[in-house]
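S.K.: Following this message is one structure expressed as structure tokens.
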2 protein chains.
Amino acid sequence: MATTTPGHLAARKKPLQARSVVTLDAIFEATIQVLLAQGLNRLTTTRVADRAGVSVGTMYQYFPHKQALLYALNERYLDMVADRIETACSQHAGVPIAEMVDALVNTYWAAKTERSDVTRALYRAAVELDNDALIAAFAQRVDTATIAMFSTAPDARFADLPLVNTTLLAVIFGSVRNVFERRLPAGLENDVRDQLAQMCRSYLNQVALTDADAPS
Amino acid sequence: MATTTPGHLAARKKPLQARSVVTLDAIFEATIQVLLAQGLNRLTTTRVADRAGVSVGTMYQYFPHKQALLYALNERYLDMVADRIETACSQHAGVPIAEMVDALVNTYWAAKTERSDVTRALYRAAVELDNDALIAAFAQRVDTATIAMFSTAPDARFADLPLVNTTLLAVIFGSVRNVFERRLPAGLENDVRDQLAQMCRSYLNQVALTDADAPS
DNA sequence: ACCTGAACACCGTTCAAGT
DNA sequence: ACCTGAACACCGTTCAAGT
């Protein structure tokens, strides 16, 4: 499912020719580099254009304004994360629910951890650029994938799966972000991840319907 | 415990005279208003000064630069939240652990929800202003308060209370932020809060040492 | 058709001049 | 002693001129 981009933040032209794809990639790569090396308030259209080897004017052919550039960068990133979660979810259909939760925690955690500098930079860049639409689209994709996975659990049913699912995702995504922003030492970080997974499992065990709850 | 402010972000002068306090409050209030009404990238030093009824030059007597203003605003806010958590923690010393967790979730939730527009605006403003020091100081205060509270629980002991505590705080704070940024409908928001509290309780029940674990 | 970069409007910050 | 706001450097964005 494609992300729906609000008009005012949409990229100006789609890269139809091979050269454009290269230019666009160079711009994205330059943006990440400037973001990491100089930070958000030194991220200048001129600096990005310079590093990408194009003129400012050219950049404005691809993006109507600076925010649209950051928006597109986030979009790419969230699409990557959503792809990985969708894949993990379909690969774990039918396994016990505890394994599902572990897969979910570990997949999201790994996606955020692999390039944690980029993750943190994007958390910062994601601000004040009307990213509600991005977040909503991302949440929708993930909700769908995880609900589908959890429905196939052989060992658990729930009175209100959508609520359980929303809670679980809020807890996982929120905790990961929190741990990131606190810059915990790597060892402690991993311990917290394991505790998080355990917490999700306890919760699922407790809210799962028992046989006594089964409809007659 | 006072927050340790890094020098380059410190406010320029302390409000020693009554008039200065008024001016400073006016600047803070103006900042919140501009933030809510116009958003972060329309938050201009001139606009804030205008609304506060002072000149830009005067504002620069109190804050060495724009970031310091936003930093100070966040500092005030986090101090308020930390105060409330500390109070709740000392008021709940000695009660069963399930009640402690509920108090913690509800206090933090309430502090963030009461003026949710301000909360969201500050989440956005908190970016790229070296808020690591702020977050660290806040985390330290809360860690201390909650660990002290949990140690007095009559019905639970833990093999590694610091880890359990860190996990719990990451989950609670992270989830609250996530729920905020997703702008869930108010009814669902409350349901998720209740689920969150339940999840924390399941977790604590599971990781608490049983009598069998007791040292002989 | 597409790219360039000087030019324009606006913002953060300073500091000489005012009280 | 403290406040003011014009002035300066820099950034986002445009568009006439170039290829």
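Starting from 1 in every chain, residues are counted up; chains themselves are A, B, ... following the order of the structure tokens, and ligands are numbered from 1 as listed.
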Got a sec to pull out which chain C residues are within 12 Å of chain A, counting only C-alpha atoms (C1' of nucleotides), and send them as a list in words?

M.R.: DC2, DC3, DT4, DG5, DA6 and DG12 of chain C

S.K.: Could those selected residues go to a file with C-alpha atoms (C1' of nucleotides), as a compact mmCIF listing (two decimals), in the first residue's frame?

M.R.:
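Written out: selection.txt:
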# COMPACT_ATOMS: atom_id res chain seq x y z
C1' DC C 2 16.72 21.63 -18.21
C1' DC C 3 20.20 23.88 -15.24
C1' DT C 4 22.37 27.90 -13.00
C1' DG C 5 23.18 31.28 -9.50
C1' DA C 6 22.41 36.28 -8.62
C1' DG C 12 18.81 35.56 13.98

S.K.: What would chain A look like once superposed on chain B, with the fit done by least squares over all C-alpha atoms paired in order? Give it as a CSV table (one decimal) with C-alpha atoms, in the first residue's frame.

M.R.:
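Wrote selection.csv, looks like this:
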chain,number,residue,atom,x,y,z
A,1,MET,CA,17.4,18.6,42.7
A,2,ALA,CA,18.1,21.4,40.2
A,3,THR,CA,18.5,20.7,36.5
A,4,THR,CA,22.1,21.2,35.3
A,5,THR,CA,22.0,23.5,32.3
A,6,PRO,CA,24.9,23.4,29.9
A,7,GLY,CA,26.6,26.8,29.7
A,8,HIS,CA,25.9,27.6,26.1
A,9,LEU,CA,22.2,27.2,26.6
A,10,ALA,CA,21.9,28.9,30.0
A,11,ALA,CA,19.6,31.9,30.3
A,12,ARG,CA,21.6,35.1,30.4
A,13,LYS,CA,20.3,36.8,33.5
A,14,LYS,CA,18.4,35.5,36.5
A,15,PRO,CA,15.2,37.5,37.2
A,16,LEU,CA,16.2,39.2,40.4
A,17,GLN,CA,13.8,42.1,40.3
A,18,ALA,CA,10.0,41.8,40.2
A,19,ARG,CA,9.8,43.5,36.9
A,20,SER,CA,12.2,41.1,35.3
A,21,VAL,CA,10.1,38.1,36.5
A,22,VAL,CA,7.1,39.7,34.8
A,23,THR,CA,9.0,40.3,31.6
A,24,LEU,CA,10.3,36.7,31.7
A,25,ASP,CA,6.9,35.3,32.2
A,26,ALA,CA,5.5,37.4,29.4
A,27,ILE,CA,8.2,36.0,27.1
A,28,PHE,CA,7.5,32.4,28.0
A,29,GLU,CA,3.8,32.9,27.6
A,30,ALA,CA,4.3,34.7,24.3
A,31,THR,CA,6.5,31.8,23.1
A,32,ILE,CA,3.8,29.2,23.9
A,33,GLN,CA,1.2,31.3,22.2
A,34,VAL,CA,3.2,31.8,19.1
A,35,LEU,CA,4.1,28.2,19.1
A,36,LEU,CA,0.5,27.1,19.3
A,37,ALA,CA,-0.9,29.7,16.9
A,38,GLN,CA,1.8,29.7,14.2
A,39,GLY,CA,3.9,26.6,14.7
A,40,LEU,CA,7.6,26.1,15.1
A,41,ASN,CA,8.8,27.5,11.8
A,42,ARG,CA,6.9,30.7,12.2
A,43,LEU,CA,8.3,31.1,15.8
A,44,THR,CA,10.3,34.2,15.2
A,45,THR,CA,12.3,36.2,17.7
A,46,THR,CA,10.6,39.3,16.5
A,47,ARG,CA,7.1,37.8,16.7
A,48,VAL,CA,7.7,36.5,20.3
A,49,ALA,CA,9.2,39.9,21.3
A,50,ASP,CA,6.2,41.7,19.8
A,51,ARG,CA,3.7,39.5,21.5
A,52,ALA,CA,5.5,39.8,24.8
A,53,GLY,CA,5.6,43.6,24.4
A,54,VAL,CA,9.3,44.0,24.5
A,55,SER,CA,12.0,44.6,21.8
A,56,VAL,CA,14.1,41.9,20.4
A,57,GLY,CA,17.1,43.4,22.1
A,58,THR,CA,15.5,43.0,25.5
A,59,MET,CA,14.8,39.3,24.7
A,60,TYR,CA,18.5,38.9,24.0
A,61,GLN,CA,19.3,40.2,27.5
A,62,TYR,CA,17.4,37.2,28.9
A,63,PHE,CA,18.4,34.5,26.4
A,64,PRO,CA,21.6,34.4,24.4
A,65,HIS,CA,19.8,32.9,21.4
A,66,LYS,CA,16.5,31.5,20.3
A,67,GLN,CA,17.4,27.9,21.2
A,68,ALA,CA,18.1,29.0,24.8
A,69,LEU,CA,14.5,30.3,24.9
A,70,LEU,CA,13.1,27.0,23.8
A,71,TYR,CA,15.4,25.1,26.0
A,72,ALA,CA,14.3,27.1,29.1
A,73,LEU,CA,10.7,26.6,28.1
A,74,ASN,CA,11.2,22.8,28.0
A,75,GLU,CA,13.1,23.0,31.3
A,76,ARG,CA,10.2,24.6,33.0
A,77,TYR,CA,7.8,22.1,31.7
A,78,LEU,CA,9.9,19.0,32.5
A,79,ASP,CA,10.5,20.4,36.0
A,80,MET,CA,6.7,20.6,36.5
A,81,VAL,CA,6.2,17.1,35.3
A,82,ALA,CA,9.1,15.8,37.5
A,83,ASP,CA,7.6,17.6,40.5
A,84,ARG,CA,4.3,15.9,40.1
A,85,ILE,CA,5.9,12.5,39.7
A,86,GLU,CA,8.0,13.0,42.8
A,87,THR,CA,4.9,14.0,44.8
A,88,ALA,CA,2.9,11.0,43.6
A,89,CYS,CA,5.8,8.7,44.4
A,90,SER,CA,6.1,9.8,48.0
A,91,GLN,CA,2.4,9.8,48.5
A,92,HIS,CA,2.3,6.1,47.4
A,93,ALA,CA,5.1,4.7,49.5
A,94,GLY,CA,4.1,1.4,51.1
A,95,VAL,CA,1.0,0.7,49.0
A,96,PRO,CA,0.8,-2.5,46.9
A,97,ILE,CA,2.8,-2.5,43.8
A,98,ALA,CA,-0.2,-2.6,41.5
A,99,GLU,CA,-1.4,0.7,43.0
A,100,MET,CA,2.1,2.2,42.5
A,101,VAL,CA,2.1,1.4,38.9
A,102,ASP,CA,-1.4,2.8,38.4
A,103,ALA,CA,-0.4,6.0,40.2
A,104,LEU,CA,2.7,6.3,38.0
A,105,VAL,CA,0.9,5.8,34.7
A,106,ASN,CA,-2.0,8.1,35.7
A,107,THR,CA,0.2,10.9,37.0
A,108,TYR,CA,2.4,11.0,33.9
A,109,TRP,CA,-0.6,10.6,31.7
A,110,ALA,CA,-2.5,13.4,33.4
A,111,ALA,CA,0.5,15.8,33.4
A,112,LYS,CA,0.8,15.3,29.6
A,113,THR,CA,-2.9,15.3,28.8
A,114,GLU,CA,-4.1,18.4,30.7
A,115,ARG,CA,-2.7,20.8,28.1
A,116,SER,CA,-2.1,18.4,25.3
A,117,ASP,CA,-1.7,21.2,22.8
A,118,VAL,CA,1.2,22.6,24.8
A,119,THR,CA,2.7,19.1,25.3
A,120,ARG,CA,2.7,18.5,21.6
A,121,ALA,CA,4.1,21.9,20.8
A,122,LEU,CA,6.9,21.3,23.3
A,123,TYR,CA,7.7,17.8,21.8
A,124,ARG,CA,8.2,19.6,18.6
A,125,ALA,CA,10.2,22.5,20.0
A,126,ALA,CA,12.4,20.1,22.0
A,127,VAL,CA,14.3,19.2,18.8
A,128,GLU,CA,17.8,20.0,17.9
A,129,LEU,CA,18.5,22.1,21.0
A,130,ASP,CA,20.8,19.8,22.8
A,131,ASN,CA,18.1,18.6,25.1
A,132,ASP,CA,20.1,15.5,26.1
A,133,ALA,CA,21.0,17.3,29.3
A,134,LEU,CA,17.4,18.1,30.0
A,135,ILE,CA,16.3,14.6,29.3
A,136,ALA,CA,19.1,13.1,31.4
A,137,ALA,CA,18.3,15.4,34.4
A,138,PHE,CA,14.6,14.6,34.1
A,139,ALA,CA,15.2,10.9,33.8
A,140,GLN,CA,17.5,11.0,36.9
A,141,ARG,CA,14.9,12.7,39.1
A,142,VAL,CA,12.1,10.3,38.0
A,143,ASP,CA,14.4,7.2,38.3
A,144,THR,CA,15.2,8.2,41.9
A,145,ALA,CA,11.6,8.8,42.9
A,146,THR,CA,10.2,5.6,41.4
A,147,ILE,CA,13.0,3.4,42.6
A,148,ALA,CA,12.4,4.8,46.1
A,149,MET,CA,8.7,4.1,45.8
A,150,PHE,CA,9.0,0.6,44.4
A,151,SER,CA,11.5,-0.4,47.2
A,152,THR,CA,8.7,0.2,49.7
A,153,ALA,CA,6.2,-2.2,48.1
A,154,PRO,CA,5.0,-4.6,50.7
A,155,ASP,CA,4.2,-7.3,48.1
A,156,ALA,CA,7.1,-7.4,45.7
A,157,ARG,CA,10.8,-7.6,45.5
A,158,PHE,CA,13.0,-7.8,42.3
A,159,ALA,CA,16.2,-9.4,41.3
A,160,ASP,CA,17.2,-6.3,39.4
A,161,LEU,CA,15.0,-3.3,40.4
A,162,PRO,CA,17.0,-0.7,38.4
A,163,LEU,CA,16.5,-2.6,35.2
A,164,VAL,CA,12.8,-3.2,35.9
A,165,ASN,CA,12.4,0.4,36.7
A,166,THR,CA,14.2,1.7,33.6
A,167,THR,CA,12.1,-0.6,31.4
A,168,LEU,CA,8.9,0.5,33.1
A,169,LEU,CA,9.7,4.2,32.6
A,170,ALA,CA,10.8,3.7,29.0
A,171,VAL,CA,7.5,1.9,28.3
A,172,ILE,CA,5.3,4.4,30.0
A,173,PHE,CA,7.0,7.6,28.7
A,174,GLY,CA,7.5,6.2,25.3
A,175,SER,CA,3.9,5.0,24.9
A,176,VAL,CA,2.4,8.2,26.1
A,177,ARG,CA,4.4,10.1,23.5
A,178,ASN,CA,3.5,7.7,20.8
A,179,VAL,CA,-0.2,7.9,21.6
A,180,PHE,CA,0.1,11.7,21.6
A,181,GLU,CA,1.7,11.9,18.2
A,182,ARG,CA,-0.8,9.5,16.7
A,183,ARG,CA,-3.6,11.7,17.8
A,184,LEU,CA,-5.9,8.8,18.6
A,185,PRO,CA,-9.5,9.6,19.4
A,186,ALA,CA,-10.0,10.5,23.1
A,187,GLY,CA,-12.0,7.4,23.9
A,188,LEU,CA,-9.4,5.0,22.4
A,189,GLU,CA,-6.7,7.1,24.1
A,190,ASN,CA,-8.2,6.3,27.5
A,191,ASP,CA,-8.6,2.6,26.6
A,192,VAL,CA,-4.9,2.4,25.7
A,193,ARG,CA,-3.9,4.1,28.9
A,194,ASP,CA,-5.8,1.4,30.9
A,195,GLN,CA,-4.3,-1.3,28.8
A,196,LEU,CA,-0.9,0.2,29.4
A,197,ALA,CA,-1.4,0.1,33.2
A,198,GLN,CA,-2.6,-3.5,32.9
A,199,MET,CA,0.5,-4.4,30.9
A,200,CYS,CA,2.8,-2.8,33.5
A,201,ARG,CA,1.1,-4.8,36.2
A,202,SER,CA,1.3,-8.1,34.4
A,203,TYR,CA,5.0,-7.5,33.8
A,204,LEU,CA,5.7,-6.6,37.5
A,205,ASN,CA,3.8,-9.7,38.6
A,206,GLN,CA,5.9,-11.9,36.3
A,207,VAL,CA,9.3,-10.5,37.2
A,208,ALA,CA,8.6,-10.2,40.9
A,209,LEU,CA,10.5,-12.8,43.0
A,210,THR,CA,8.3,-15.5,44.4
A,211,ASP,CA,8.7,-16.9,47.9
A,212,ALA,CA,10.6,-19.8,46.3
A,213,ASP,CA,13.2,-17.3,45.2
A,214,ALA,CA,13.7,-16.0,48.7
A,215,PRO,CA,17.2,-16.2,50.2
A,216,SER,CA,17.2,-18.9,52.9

S.K.: Go ahead and compute the interatomic distance for C1' of DA17 in chain D and C1' of DC8 in chain C, in Å to one decimal.

M.R.: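 Answer for the C1' of DA17 in chain D to C1' of DC8 in chain C separation: 16.9 Å.
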
S.K.: What does the structure give for the distance between C1' of DC15 in chain D and C1' of DA1 in chain C, in Å to one decimal?

M.R.: 15.8 Å
